[in-house]
>>> print(open('upload-v9.pdb').read())   # PDB, C-alpha atoms
ATOM      1  CA  MET O  16       0.000   0.000   0.000
ATOM      2  CA  SER O  17       1.287   3.486  -0.859
ATOM      3  CA  SER O  18       2.202   6.047   1.743
ATOM      4  CA  THR O  19      -0.709   8.187   0.589
ATOM      5  CA  GLY O  20      -3.185   5.430   1.352
ATOM      6  CA  THR O  21      -1.578   4.775   4.712
ATOM      7  CA  SER O  22      -1.753   8.445   5.733
ATOM      8  CA  ARG O  23      -5.469   8.536   4.983
ATOM      9  CA  ARG O  24      -6.292   5.521   7.135
ATOM     10  CA  PRO O  25      -8.565   6.505  10.082
ATOM     11  CA  SER O  26      -6.846   6.507  13.452
ATOM     12  CA  GLY O  27      -8.148   5.779  16.912
ATOM     13  CA  TRP O  28      -8.706   9.488  17.419
ATOM     14  CA  HIS O  29     -11.198   9.515  14.555
ATOM     15  CA  LEU O  30     -13.206   6.744  16.219
ATOM     16  CA  ALA O  31     -13.262   8.704  19.474
ATOM     17  CA  LEU O  32     -14.018  12.112  17.971
ATOM     18  CA  ALA O  33     -16.680  11.010  15.454
ATOM     19  CA  PRO O  34     -19.397  10.361  18.091
ATOM     20  CA  LEU O  35     -18.483  13.625  19.824
ATOM     21  CA  ALA O  36     -18.750  15.544  16.553
ATOM     22  CA  LEU O  37     -22.124  13.901  15.889
ATOM     23  CA  ALA O  38     -23.364  14.924  19.336
ATOM     24  CA  PHE O  39     -22.414  18.549  18.646
ATOM     25  CA  ALA O  40     -24.027  18.407  15.184
ATOM     26  CA  LEU O  41     -27.367  17.007  16.368
ATOM     27  CA  PRO O  42     -28.812  20.361  17.566
ATOM     28  CA  LEU O  43     -27.918  21.978  14.232
ATOM     29  CA  LEU O  44     -29.443  19.052  12.344
ATOM     30  CA  TRP O  45     -32.614  19.292  14.426
ATOM     31  CA  LEU O  46     -32.769  23.050  13.748
ATOM     32  CA  VAL O  47     -32.577  22.521   9.988
ATOM     33  CA  LEU O  48     -35.129  19.705  10.014
ATOM     34  CA  SER O  49     -37.544  21.699  12.166
ATOM     35  CA  SER O  50     -37.324  24.662   9.809
ATOM     36  CA  VAL O  51     -38.855  22.563   7.001
ATOM     37  CA  MET O  52     -41.564  21.004   9.196
ATOM     38  CA  SER O  53     -45.094  22.261   9.513
ATOM     39  CA  ASP O  54     -46.230  23.840  12.774
ATOM     40  CA  ALA O  55     -48.421  20.810  13.443
ATOM     41  CA  GLU O  56     -45.416  18.475  13.243
ATOM     42  CA  ILE O  57     -43.322  20.669  15.546
ATOM     43  CA  ASN O  58     -46.080  21.048  18.140
ATOM     44  CA  ARG O  59     -46.963  17.352  18.127
ATOM     45  CA  PHE O  60     -46.104  15.298  21.216
ATOM     46  CA  PRO O  61     -43.926  13.356  21.029
ATOM     47  CA  PRO O  62     -42.261  15.614  18.452
ATOM     48  CA  ALA O  63     -41.565  14.325  14.970
ATOM     49  CA  LEU O  64     -37.952  13.354  14.385
ATOM     50  CA  TRP O  65     -38.172  13.573  10.607
ATOM     51  CA  PRO O  66     -40.446  15.740   8.450
ATOM     52  CA  LYS O  67     -43.040  13.941   6.359
ATOM     53  CA  GLY O  68     -42.370  16.434   3.616
ATOM     54  CA  ILE O  69     -40.506  19.674   3.007
ATOM     55  CA  ASP O  70     -42.639  22.609   4.119
ATOM     56  CA  LEU O  71     -41.067  25.998   3.290
ATOM     57  CA  GLY O  72     -43.855  27.986   4.896
ATOM     58  CA  GLY O  73     -41.561  29.116   7.708
ATOM     59  CA  TYR O  74     -38.985  30.501   5.269
ATOM     60  CA  ARG O  75     -41.671  32.235   3.210
ATOM     61  CA  TYR O  76     -43.078  33.800   6.368
ATOM     62  CA  VAL O  77     -39.659  34.999   7.567
ATOM     63  CA  LEU O  78     -38.428  36.334   4.228
ATOM     64  CA  GLY O  79     -41.831  37.917   3.618
ATOM     65  CA  ASN O  80     -41.534  39.910   6.832
ATOM     66  CA  ALA O  81     -40.766  43.493   5.811
ATOM     67  CA  MET O  82     -38.222  44.057   8.595
ATOM     68  CA  PHE O  83     -36.251  40.836   8.321
ATOM     69  CA  PRO O  84     -34.091  41.876   5.311
ATOM     70  CA  ARG O  85     -33.398  45.194   7.092
ATOM     71  CA  TRP O  86     -32.241  43.362  10.230
ATOM     72  CA  PHE O  87     -30.021  41.114   8.137
ATOM     73  CA  ALA O  88     -28.473  44.139   6.403
ATOM     74  CA  ASN O  89     -27.882  45.881   9.740
ATOM     75  CA  SER O  90     -26.078  42.839  11.149
ATOM     76  CA  LEU O  91     -24.005  42.530   7.976
ATOM     77  CA  ILE O  92     -22.987  46.200   8.114
ATOM     78  CA  VAL O  93     -22.008  46.060  11.804
ATOM     79  CA  ALA O  94     -20.105  42.775  11.449
ATOM     80  CA  SER O  95     -18.306  43.819   8.249
ATOM     81  CA  VAL O  96     -17.123  47.169   9.638
ATOM     82  CA  ALA O  97     -16.004  45.493  12.873
ATOM     83  CA  VAL O  98     -14.041  42.856  10.953
ATOM     84  CA  LEU O  99     -12.279  45.366   8.708
ATOM     85  CA  SER O 100     -11.434  47.743  11.559
ATOM     86  CA  ASN O 101     -10.116  44.940  13.775
ATOM     87  CA  LEU O 102      -7.924  43.671  10.942
ATOM     88  CA  LEU O 103      -6.459  47.122  10.342
ATOM     89  CA  LEU O 104      -6.220  48.532  13.867
ATOM     90  CA  GLY O 105      -5.422  45.178  15.447
ATOM     91  CA  ALA O 106      -2.540  44.633  13.020
ATOM     92  CA  LEU O 107      -1.169  48.133  13.668
ATOM     93  CA  GLY O 108      -1.368  47.697  17.441
ATOM     94  CA  GLY O 109      -0.008  44.160  17.375
ATOM     95  CA  TYR O 110       2.943  45.162  15.199
ATOM     96  CA  ALA O 111       3.766  48.082  17.489
ATOM     97  CA  PHE O 112       3.815  45.830  20.564
ATOM     98  CA  ALA O 113       5.781  43.112  18.767
ATOM     99  CA  ARG O 114       8.484  45.181  17.063
ATOM    100  CA  MET O 115       8.672  48.569  18.778
ATOM    101  CA  ARG O 116      10.003  49.316  22.245
ATOM    102  CA  PHE O 117       8.825  52.553  23.823
ATOM    103  CA  ALA O 118       8.424  53.861  27.361
ATOM    104  CA  GLY O 119       5.668  52.010  29.154
ATOM    105  CA  SER O 120       5.046  49.515  26.349
ATOM    106  CA  ARG O 121       4.934  46.499  28.657
ATOM    107  CA  LEU O 122       2.737  48.338  31.144
ATOM    108  CA  LEU O 123       0.382  49.400  28.364
ATOM    109  CA  LEU O 124       0.266  45.831  27.051
ATOM    110  CA  GLY O 125      -0.525  44.523  30.526
ATOM    111  CA  LEU O 126      -3.315  47.054  31.015
ATOM    112  CA  MET O 127      -4.774  46.190  27.641
ATOM    113  CA  LEU O 128      -4.735  42.464  28.422
ATOM    114  CA  ALA O 129      -6.306  43.147  31.823
ATOM    115  CA  THR O 130      -9.372  44.554  30.070
ATOM    116  CA  MET O 131      -9.995  41.128  28.553
ATOM    117  CA  VAL O 132     -10.981  39.721  31.955
ATOM    118  CA  ILE O 133     -13.382  42.555  32.834
ATOM    119  CA  PRO O 134     -17.005  41.339  32.470
ATOM    120  CA  PHE O 135     -19.222  43.161  30.020
ATOM    121  CA  GLN O 136     -21.661  43.947  32.836
ATOM    122  CA  LEU O 137     -19.081  46.252  34.451
ATOM    123  CA  THR O 138     -18.436  48.278  31.291
ATOM    124  CA  MET O 139     -22.013  48.305  30.041
ATOM    125  CA  ILE O 140     -23.138  51.526  31.768
ATOM    126  CA  PRO O 141     -19.940  53.558  31.042
ATOM    127  CA  THR O 142     -20.088  52.483  27.403
ATOM    128  CA  PHE O 143     -23.741  53.481  27.194
ATOM    129  CA  LEU O 144     -22.994  56.911  28.678
ATOM    130  CA  VAL O 145     -20.143  57.480  26.229
ATOM    131  CA  MET O 146     -22.320  56.490  23.270
ATOM    132  CA  LYS O 147     -25.070  58.776  24.567
ATOM    133  CA  GLU O 148     -22.670  61.741  24.777
ATOM    134  CA  LEU O 149     -21.581  60.996  21.199
ATOM    135  CA  GLY O 150     -25.217  60.952  20.086
ATOM    136  CA  LEU O 151     -24.963  57.405  18.760
ATOM    137  CA  ILE O 152     -27.642  55.690  20.855
ATOM    138  CA  ASP O 153     -30.300  54.024  18.691
ATOM    139  CA  THR O 154     -28.000  54.051  15.652
ATOM    140  CA  LEU O 155     -25.721  51.439  14.141
ATOM    141  CA  GLY O 156     -22.800  53.603  15.233
ATOM    142  CA  ALA O 157     -23.472  52.591  18.841
ATOM    143  CA  LEU O 158     -22.856  48.974  17.823
ATOM    144  CA  ILE O 159     -19.853  49.693  15.581
ATOM    145  CA  VAL O 160     -17.720  52.074  17.676
ATOM    146  CA  PRO O 161     -17.209  49.775  20.728
ATOM    147  CA  SER O 162     -16.178  46.966  18.365
ATOM    148  CA  LEU O 163     -13.706  48.879  16.191
ATOM    149  CA  VAL O 164     -10.739  47.144  17.838
ATOM    150  CA  THR O 165     -10.546  44.507  20.572
ATOM    151  CA  PRO O 166      -7.672  43.614  22.909
ATOM    152  CA  PHE O 167      -7.835  40.028  21.677
ATOM    153  CA  ALA O 168      -7.184  41.104  18.072
ATOM    154  CA  VAL O 169      -4.149  43.176  19.106
ATOM    155  CA  PHE O 170      -2.809  40.372  21.295
ATOM    156  CA  LEU O 171      -3.251  37.675  18.649
ATOM    157  CA  PHE O 172      -1.483  39.770  16.008
ATOM    158  CA  ARG O 173       1.322  40.509  18.454
ATOM    159  CA  GLN O 174       1.841  36.830  19.211
ATOM    160  CA  PHE O 175       1.866  35.951  15.517
ATOM    161  CA  PHE O 176       4.292  38.745  14.616
ATOM    162  CA  LEU O 177       6.663  37.643  17.384
ATOM    163  CA  ALA O 178       6.904  34.230  15.714
ATOM    164  CA  LEU O 179       7.957  35.755  12.359
ATOM    165  CA  PRO O 180      11.690  36.124  11.633
ATOM    166  CA  ARG O 181      13.024  39.676  11.573
ATOM    167  CA  GLU O 182      15.468  39.184   8.701
ATOM    168  CA  MET O 183      13.124  40.183   5.884
ATOM    169  CA  GLU O 184      11.931  43.250   7.774
ATOM    170  CA  GLU O 185      15.489  44.351   8.518
ATOM    171  CA  ALA O 186      16.425  43.980   4.851
ATOM    172  CA  ALA O 187      13.451  46.160   3.887
ATOM    173  CA  TRP O 188      14.449  48.788   6.462
ATOM    174  CA  ILE O 189      17.964  48.891   4.989
ATOM    175  CA  ASP O 190      16.399  49.480   1.564
ATOM    176  CA  GLY O 191      14.593  52.510   2.986
ATOM    177  CA  CYS O 192      11.110  51.109   3.587
ATOM    178  CA  SER O 193       9.077  52.686   6.369
ATOM    179  CA  ARG O 194       7.546  50.598   9.121
ATOM    180  CA  LEU O 195       4.076  50.935   7.617
ATOM    181  CA  ARG O 196       5.281  49.766   4.212
ATOM    182  CA  VAL O 197       7.079  46.829   5.813
ATOM    183  CA  LEU O 198       3.913  45.920   7.686
ATOM    184  CA  PHE O 199       1.579  46.063   4.693
ATOM    185  CA  SER O 200       3.968  44.753   2.042
ATOM    186  CA  ILE O 201       5.894  42.050   3.900
ATOM    187  CA  VAL O 202       4.434  41.165   7.291
ATOM    188  CA  LEU O 203       0.696  41.053   6.621
ATOM    189  CA  PRO O 204       0.984  38.787   3.537
ATOM    190  CA  LEU O 205       2.716  36.291   5.836
ATOM    191  CA  ALA O 206       0.068  36.719   8.514
ATOM    192  CA  ARG O 207      -2.889  35.276   6.614
ATOM    193  CA  PRO O 208      -3.685  32.712   9.336
ATOM    194  CA  ALA O 209      -3.847  35.465  11.949
ATOM    195  CA  LEU O 210      -5.939  37.643   9.648
ATOM    196  CA  ALA O 211      -8.394  34.803   9.061
ATOM    197  CA  THR O 212      -8.627  34.001  12.763
ATOM    198  CA  VAL O 213      -9.302  37.600  13.786
ATOM    199  CA  ALA O 214     -11.831  37.976  10.977
ATOM    200  CA  VAL O 215     -13.761  34.824  11.919
ATOM    201  CA  LEU O 216     -13.801  35.472  15.667
ATOM    202  CA  THR O 217     -14.749  39.141  15.224
ATOM    203  CA  PHE O 218     -17.516  38.273  12.786
ATOM    204  CA  LEU O 219     -18.775  35.572  15.135
ATOM    205  CA  SER O 220     -18.865  37.810  18.210
ATOM    206  CA  THR O 221     -20.475  40.824  16.522
ATOM    207  CA  TRP O 222     -22.952  38.796  14.480
ATOM    208  CA  ASN O 223     -24.166  36.845  17.530
ATOM    209  CA  ASP O 224     -24.119  39.754  19.989
ATOM    210  CA  LEU O 225     -27.465  40.334  21.667
ATOM    211  CA  SER O 226     -26.745  42.002  25.024
ATOM    212  CA  TRP O 227     -25.316  45.282  23.735
ATOM    213  CA  PRO O 228     -27.841  45.823  20.891
ATOM    214  CA  LEU O 229     -30.616  45.140  23.415
ATOM    215  CA  ILE O 230     -29.346  48.094  25.469
ATOM    216  CA  ALA O 231     -28.243  50.510  22.753
ATOM    217  CA  ILE O 232     -31.011  50.080  20.174
ATOM    218  CA  ASN O 233     -34.652  50.997  20.674
ATOM    219  CA  HIS O 234     -36.167  51.424  17.217
ATOM    220  CA  ASP O 235     -36.930  48.319  15.201
ATOM    221  CA  THR O 236     -35.431  49.774  12.010
ATOM    222  CA  GLN O 237     -31.993  49.680  13.687
ATOM    223  CA  TYR O 238     -32.330  46.144  15.060
ATOM    224  CA  THR O 239     -29.670  43.608  14.265
ATOM    225  CA  LEU O 240     -30.709  40.129  13.192
ATOM    226  CA  GLN O 241     -30.231  38.663  16.669
ATOM    227  CA  LEU O 242     -32.285  41.381  18.343
ATOM    228  CA  GLY O 243     -34.929  41.326  15.660
ATOM    229  CA  LEU O 244     -35.207  37.556  15.806
ATOM    230  CA  THR O 245     -35.708  37.705  19.573
ATOM    231  CA  THR O 246     -38.641  40.083  19.252
ATOM    232  CA  PHE O 247     -39.881  38.143  16.239
ATOM    233  CA  GLN O 248     -39.872  34.978  18.323
ATOM    234  CA  GLY O 249     -41.744  36.717  21.123
ATOM    235  CA  GLN O 250     -44.385  38.062  18.767
ATOM    236  CA  HIS O 251     -44.849  34.863  16.793
ATOM    237  CA  HIS O 252     -44.120  32.163  19.343
ATOM    238  CA  THR O 253     -46.823  29.876  17.966
ATOM    239  CA  ARG O 254     -45.203  29.780  14.508
ATOM    240  CA  TRP O 255     -42.233  27.640  15.435
ATOM    241  CA  SER O 256     -41.455  26.825  11.815
ATOM    242  CA  ALA O 257     -40.849  30.542  11.187
ATOM    243  CA  VAL O 258     -38.740  30.823  14.336
ATOM    244  CA  MET O 259     -36.623  27.838  13.259
ATOM    245  CA  ALA O 260     -36.262  29.225   9.736
ATOM    246  CA  GLY O 261     -35.110  32.555  11.170
ATOM    247  CA  ASN O 262     -32.519  30.788  13.317
ATOM    248  CA  VAL O 263     -31.204  28.859  10.308
ATOM    249  CA  THR O 264     -30.858  32.127   8.404
ATOM    250  CA  THR O 265     -28.931  33.564  11.359
ATOM    251  CA  VAL O 266     -26.587  30.593  11.790
ATOM    252  CA  LEU O 267     -25.805  30.061   8.094
ATOM    253  CA  PRO O 268     -23.450  33.064   7.534
ATOM    254  CA  VAL O 269     -21.410  32.194  10.640
ATOM    255  CA  LEU O 270     -21.142  28.549   9.607
ATOM    256  CA  VAL O 271     -20.058  29.447   6.072
ATOM    257  CA  ALA O 272     -17.459  31.941   7.367
ATOM    258  CA  PHE O 273     -15.954  29.371   9.718
ATOM    259  CA  LEU O 274     -15.830  26.604   7.097
ATOM    260  CA  LEU O 275     -14.094  28.902   4.603
ATOM    261  CA  ALA O 276     -11.425  29.929   7.141
ATOM    262  CA  GLN O 277     -11.159  26.653   9.050
ATOM    263  CA  LYS O 278      -7.722  25.660   7.790
ATOM    264  CA  THR O 279      -6.058  29.016   8.409
ATOM    265  CA  PHE O 280      -7.938  29.369  11.703
ATOM    266  CA  VAL O 281      -6.408  26.178  13.099
ATOM    267  CA  GLN O 282      -2.997  27.072  11.667
ATOM    268  CA  SER O 283      -3.006  30.418  13.448
ATOM    269  CA  LEU O 284      -3.956  28.974  16.817
ATOM    270  CA  THR O 285      -1.225  26.336  16.597
ATOM    271  CA  SER O 286       1.531  28.644  15.304
ATOM    272  CA  SER O 287       1.044  31.846  17.352
ATOM    273  CA  GLY O 288       1.080  30.179  20.771
ATOM    274  CA  LEU O 289       1.620  32.215  23.933
ATOM    275  CA  LYS O 290       5.144  33.417  23.345
ATOM    276  CA  GLY O 291       6.177  36.268  25.643
TER     277      GLY O 291
END
>>> encode(input="upload-v9.pdb", output="structure tokens")
Amino acid sequence: MSSTGTSRRPSGWHLALAPLALAFALPLLWLVLSSVMSDAEINRFPPALWPKGIDLGGYRYVLGNAMFPRWFANSLIVASVAVLSNLLLGALGGYAFARMRFAGSRLLLGLMLATMVIPFQLTMIPTFLVMKELGLIDTLGALIVPSLVTPFAVFLFRQFFLALPREMEEAAWIDGCSRLRVLFSIVLPLARPALATVAVLTFLSTWNDLSWPLIAINHDTQYTLQLGLTTFQGQHHTRWSAVMAGNVTTVLPVLVAFLLAQKTFVQSLTSSGLKG
């Protein structure tokens, strides 16, 4: 047997992880199946495990709701801006902490990392007051500004940049390149795993965020998909097929984003490590 065939042979880990993966996938499978069931099948006791036929009434009801496309667009705008800003500002901050030494840099890094362990409940009121003074309450700006850059993005970029050799950067500096040109022309092309990881995790956190939009947004035209779906579920709790269809629509973009960046996501987590 060739080496290629041998390398593809399942190992004992596959046998152990397959049932675990199936257990984690069952709720998602049940969500998808329920979204194509009729309300009678969902409400039946004991509940149906498999739909008798594909009923798309829930999807038609959700997509026919006038506000649902608006909520989807709002979530997409907030998540996209947060991803782009975290990639840019996180890379700039991470590169500064990784390659530049200035007075108080370690203290500043420690203070920044300390904010990662502060619960959201403690910063909720100060953040609300700041957004109110800026006149951003009940606008998408109130959701975007607090997410423009996160300590985790800066820290992950810093750890990844520390693992990169300095030789190419030093050669570029000798040739007269500025630090910004070195960062954007040499370092960032090598940091694709870190870029993918920050993008996926930022998209995931902003897309699924419910607590902050619940506080900062009052008008339904500014709702994100998560907030809108919560009120939609409360208003239409008897139409479980529509609720399930709305949840599938919410989960699908996150699932697609993770699957597209899965390889680079794992590579970044294994290569950046926790180097000091």
>>> residues_around(input="upload-v9.pdb", residues="O:Ala257", least_positions_apart="5", cutoff="10 Å", atoms="all atoms listed in the file", output="PyMOL selection string")
chain O and resi 49-54+71-78+247-248+251-252+262-263
>>> write_last_selection(input="upload-v9.pdb", atoms="C-alpha atoms", output="PDB file, in the coordinates of the input")
ATOM      1  CA  SER O  49     -37.544  21.699  12.166  1.00  0.00           C
ATOM      2  CA  SER O  50     -37.324  24.662   9.809  1.00  0.00           C
ATOM      3  CA  VAL O  51     -38.855  22.563   7.001  1.00  0.00           C
ATOM      4  CA  MET O  52     -41.564  21.004   9.196  1.00  0.00           C
ATOM      5  CA  SER O  53     -45.094  22.261   9.513  1.00  0.00           C
ATOM      6  CA  ASP O  54     -46.230  23.840  12.774  1.00  0.00           C
ATOM      7  CA  LEU O  71     -41.067  25.998   3.290  1.00  0.00           C
ATOM      8  CA  GLY O  72     -43.855  27.986   4.896  1.00  0.00           C
ATOM      9  CA  GLY O  73     -41.561  29.116   7.708  1.00  0.00           C
ATOM     10  CA  TYR O  74     -38.985  30.501   5.269  1.00  0.00           C
ATOM     11  CA  ARG O  75     -41.671  32.235   3.210  1.00  0.00           C
ATOM     12  CA  TYR O  76     -43.078  33.800   6.368  1.00  0.00           C
ATOM     13  CA  VAL O  77     -39.659  34.999   7.567  1.00  0.00           C
ATOM     14  CA  LEU O  78     -38.428  36.334   4.228  1.00  0.00           C
ATOM     15  CA  PHE O 247     -39.881  38.143  16.239  1.00  0.00           C
ATOM     16  CA  GLN O 248     -39.872  34.978  18.323  1.00  0.00           C
ATOM     17  CA  HIS O 251     -44.849  34.863  16.793  1.00  0.00           C
ATOM     18  CA  HIS O 252     -44.120  32.163  19.343  1.00  0.00           C
ATOM     19  CA  ASN O 262     -32.519  30.788  13.317  1.00  0.00           C
ATOM     20  CA  VAL O 263     -31.204  28.859  10.308  1.00  0.00           C
TER      21      VAL O 263
END
>>> closest_atom_pairs(input="upload-v9.pdb", of="stretch 35-110 of chain O", to="stretch 186-197 of chain O", cutoff="12 Å", atoms="all atoms listed in the file", output="JSON lines")
{"residue": "O:Leu103", "atom": "CA", "partner": "O:Leu195", "partner_atom": "CA", "distance": 11.5}
{"residue": "O:Ala106", "atom": "CA", "partner": "O:Leu195", "partner_atom": "CA", "distance": 10.6}
{"residue": "O:Leu107", "atom": "CA", "partner": "O:Leu195", "partner_atom": "CA", "distance": 8.5}
{"residue": "O:Gly108", "atom": "CA", "partner": "O:Leu195", "partner_atom": "CA", "distance": 11.7}
{"residue": "O:Tyr110", "atom": "CA", "partner": "O:Arg194", "partner_atom": "CA", "distance": 9.4}
>>> resolve_selection(input="upload-v9.pdb", expression="the PyMOL selection byres ((chain O and resi 101) around 8)", output="PDB file with C-alpha atoms, keeping the file's coordinate frame")
ATOM      1  CA  ALA O  97     -16.004  45.493  12.873  1.00  0.00           C
ATOM      2  CA  VAL O  98     -14.041  42.856  10.953  1.00  0.00           C
ATOM      3  CA  LEU O  99     -12.279  45.366   8.708  1.00  0.00           C
ATOM      4  CA  SER O 100     -11.434  47.743  11.559  1.00  0.00           C
ATOM      5  CA  LEU O 102      -7.924  43.671  10.942  1.00  0.00           C
ATOM      6  CA  LEU O 103      -6.459  47.122  10.342  1.00  0.00           C
ATOM      7  CA  LEU O 104      -6.220  48.532  13.867  1.00  0.00           C
ATOM      8  CA  GLY O 105      -5.422  45.178  15.447  1.00  0.00           C
ATOM      9  CA  ALA O 106      -2.540  44.633  13.020  1.00  0.00           C
ATOM     10  CA  SER O 162     -16.178  46.966  18.365  1.00  0.00           C
ATOM     11  CA  LEU O 163     -13.706  48.879  16.191  1.00  0.00           C
ATOM     12  CA  VAL O 164     -10.739  47.144  17.838  1.00  0.00           C
ATOM     13  CA  THR O 165     -10.546  44.507  20.572  1.00  0.00           C
ATOM     14  CA  ALA O 168      -7.184  41.104  18.072  1.00  0.00           C
ATOM     15  CA  VAL O 213      -9.302  37.600  13.786  1.00  0.00           C
ATOM     16  CA  ALA O 214     -11.831  37.976  10.977  1.00  0.00           C
ATOM     17  CA  THR O 217     -14.749  39.141  15.224  1.00  0.00           C
TER      18      THR O 217
END
>>> atom_distance(input="upload-v9.pdb", atom1="atom CA of O:Leu179", atom2="atom CA of O:Leu128")
21.5 Å
>>> closest_residue(input="upload-v9.pdb", among="O:Ala63, O:Pro204, O:Leu158, O:Leu171", to="O:Leu216", atoms="all atoms listed in the file")
O:Leu171
>>> atom_distance(input="upload-v9.pdb", atom1="atom CA of O:Trp65", atom2="atom CA of O:Leu48")
6.9 Å
>>> residues_near_point(input="upload-v9.pdb", point="(-19.1, 54.4, 25.3)", cutoff="12 Å", atoms="all atoms listed in the file", output="list in words")
Thr138, Met139, Ile140, Pro141, Thr142, Phe143, Leu144, Val145, Met146, Lys147, Glu148, Leu149, Gly150, Leu151, Ile152, Gly156, Ala157, Leu158, Ile159, Val160, Pro161, Ser162, Leu163, Trp227 and Ala231 of chain O
>>> axis_aligned_box(input="upload-v9.pdb", around="stretch 141-151 of chain O", padding_each_side="8 Å", output="AutoDock Vina command-line options")
--center_x -22.6 --center_y 57.1 --center_z 24.9 --size_x 21.3 --size_y 25.3 --size_z 28.3
>>> resolve_selection(input="upload-v9.pdb", expression="the PyMOL selection byres ((chain O and resi 176) around 12)", output="NGL selection string")
:O and (105-115 or 169-175 or 177-181 or 184 or 198 or 201-210 or 283 or 286-291)
>>> atom_distance(input="upload-v9.pdb", atom1="atom CA of O:Val96", atom2="atom CA of O:Leu225")
17.3 Å
>>> resolve_selection(input="upload-v9.pdb", expression="the PyMOL selection byres ((chain O and resi 87) around 12)", output="NGL selection string")
:O and (77-78 or 80-86 or 88-94 or 222-223 or 236-244 or 261-262 or 264-268)
>>> closest_residue(input="upload-v9.pdb", among="O:Asn233, O:Ser256, O:Asn58, O:Thr212", to="O:Ala276", atoms="all atoms listed in the file")
O:Thr212
>>> decode(input="upload-v9.pdb", residues="stretch 40-57 of chain O", atoms="N, CA and C atoms", output="tab-separated table (two decimals), in the first residue's frame")
chain	number	residue	atom	x	y	z
O	40	ALA	N	-23.31	18.08	16.41
O	40	ALA	CA	-24.03	18.41	15.18
O	40	ALA	C	-25.53	18.15	15.29
O	41	LEU	N	-25.95	17.35	16.26
O	41	LEU	CA	-27.37	17.01	16.37
O	41	LEU	C	-28.27	18.22	16.56
O	42	PRO	N	-27.93	19.19	17.45
O	42	PRO	CA	-28.81	20.36	17.57
O	42	PRO	C	-28.95	21.14	16.26
O	43	LEU	N	-27.84	21.28	15.51
O	43	LEU	CA	-27.92	21.98	14.23
O	43	LEU	C	-28.77	21.21	13.24
O	44	LEU	N	-28.63	19.88	13.23
O	44	LEU	CA	-29.44	19.05	12.34
O	44	LEU	C	-30.92	19.17	12.69
O	45	TRP	N	-31.21	19.16	13.99
O	45	TRP	CA	-32.61	19.29	14.43
O	45	TRP	C	-33.17	20.66	14.05
O	46	LEU	N	-32.34	21.71	14.13
O	46	LEU	CA	-32.77	23.05	13.75
O	46	LEU	C	-33.14	23.09	12.27
O	47	VAL	N	-32.31	22.51	11.43
O	47	VAL	CA	-32.58	22.52	9.99
O	47	VAL	C	-33.82	21.71	9.67
O	48	LEU	N	-33.96	20.54	10.27
O	48	LEU	CA	-35.13	19.70	10.01
O	48	LEU	C	-36.41	20.38	10.49
O	49	SER	N	-36.36	21.03	11.64
O	49	SER	CA	-37.54	21.70	12.17
O	49	SER	C	-37.96	22.87	11.29
O	50	SER	N	-36.99	23.50	10.63
O	50	SER	CA	-37.32	24.66	9.81
O	50	SER	C	-38.12	24.28	8.57
O	51	VAL	N	-38.08	23.01	8.17
O	51	VAL	CA	-38.85	22.56	7.00
O	51	VAL	C	-40.03	21.69	7.42
O	52	MET	N	-40.37	21.68	8.71
O	52	MET	CA	-41.56	21.00	9.20
O	52	MET	C	-42.73	21.98	9.24
O	53	SER	N	-43.92	21.44	9.29
O	53	SER	CA	-45.09	22.26	9.51
O	53	SER	C	-45.24	22.52	11.01
O	54	ASP	N	-46.02	23.53	11.36
O	54	ASP	CA	-46.23	23.84	12.77
O	54	ASP	C	-46.89	22.68	13.51
O	55	ALA	N	-47.75	21.95	12.81
O	55	ALA	CA	-48.42	20.81	13.44
O	55	ALA	C	-47.41	19.73	13.81
O	56	GLU	N	-46.43	19.48	12.95
O	56	GLU	CA	-45.42	18.47	13.24
O	56	GLU	C	-44.54	18.90	14.41
O	57	ILE	N	-44.19	20.19	14.48
O	57	ILE	CA	-43.32	20.67	15.55
O	57	ILE	C	-44.05	20.63	16.89
